[in-house]
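Below you'll find the structure, written out as structure tokens, and then a few comments.
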Amino acid sequence: MPDRESDEQLFRRLRRIVMAAKAMRPGDDRRRVLALESDLRLVRAVLNGRCGLLVQKMNEAGAQLNAVSAYARCASLRRDRAQPSK
């Protein structure tokens, strides 16, 4: 499962960023702060991309569900018409 592995890598990276941010002191090097900010922006961009893919998959699943429901309704209507009246 490459997706699960990449998710785990992403969360590990995020945890490292959080730990590094907590360890910072007011007089720390500006380059270190900028590097952390850059890493955080990169992780955020990847998460936004993953979120977009998830939304797309959910929309596709919803469309498939609607199609199956419509097919089932049509099939049940045909069955009702095919049965002779009593």
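In the structure tokens, chains take letters A, B, ... by order of appearance, with residues numbered from 1 within each chain and ligands from 1 in the order shown.
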
Contact residues around region 41-54 of chain A with only C-alpha atoms at 10 Å, ignoring same-chain residues under 6 positions, as a list in words: Asp3, Asp7, Leu10, Phe11, Arg13, Leu14, Ile17, Ala35 and Glu60 of chain A

So how many Å separate CA of Ala21 (chain A) and CA of Leu34 (chain A), to one decimal? 11.1 Å
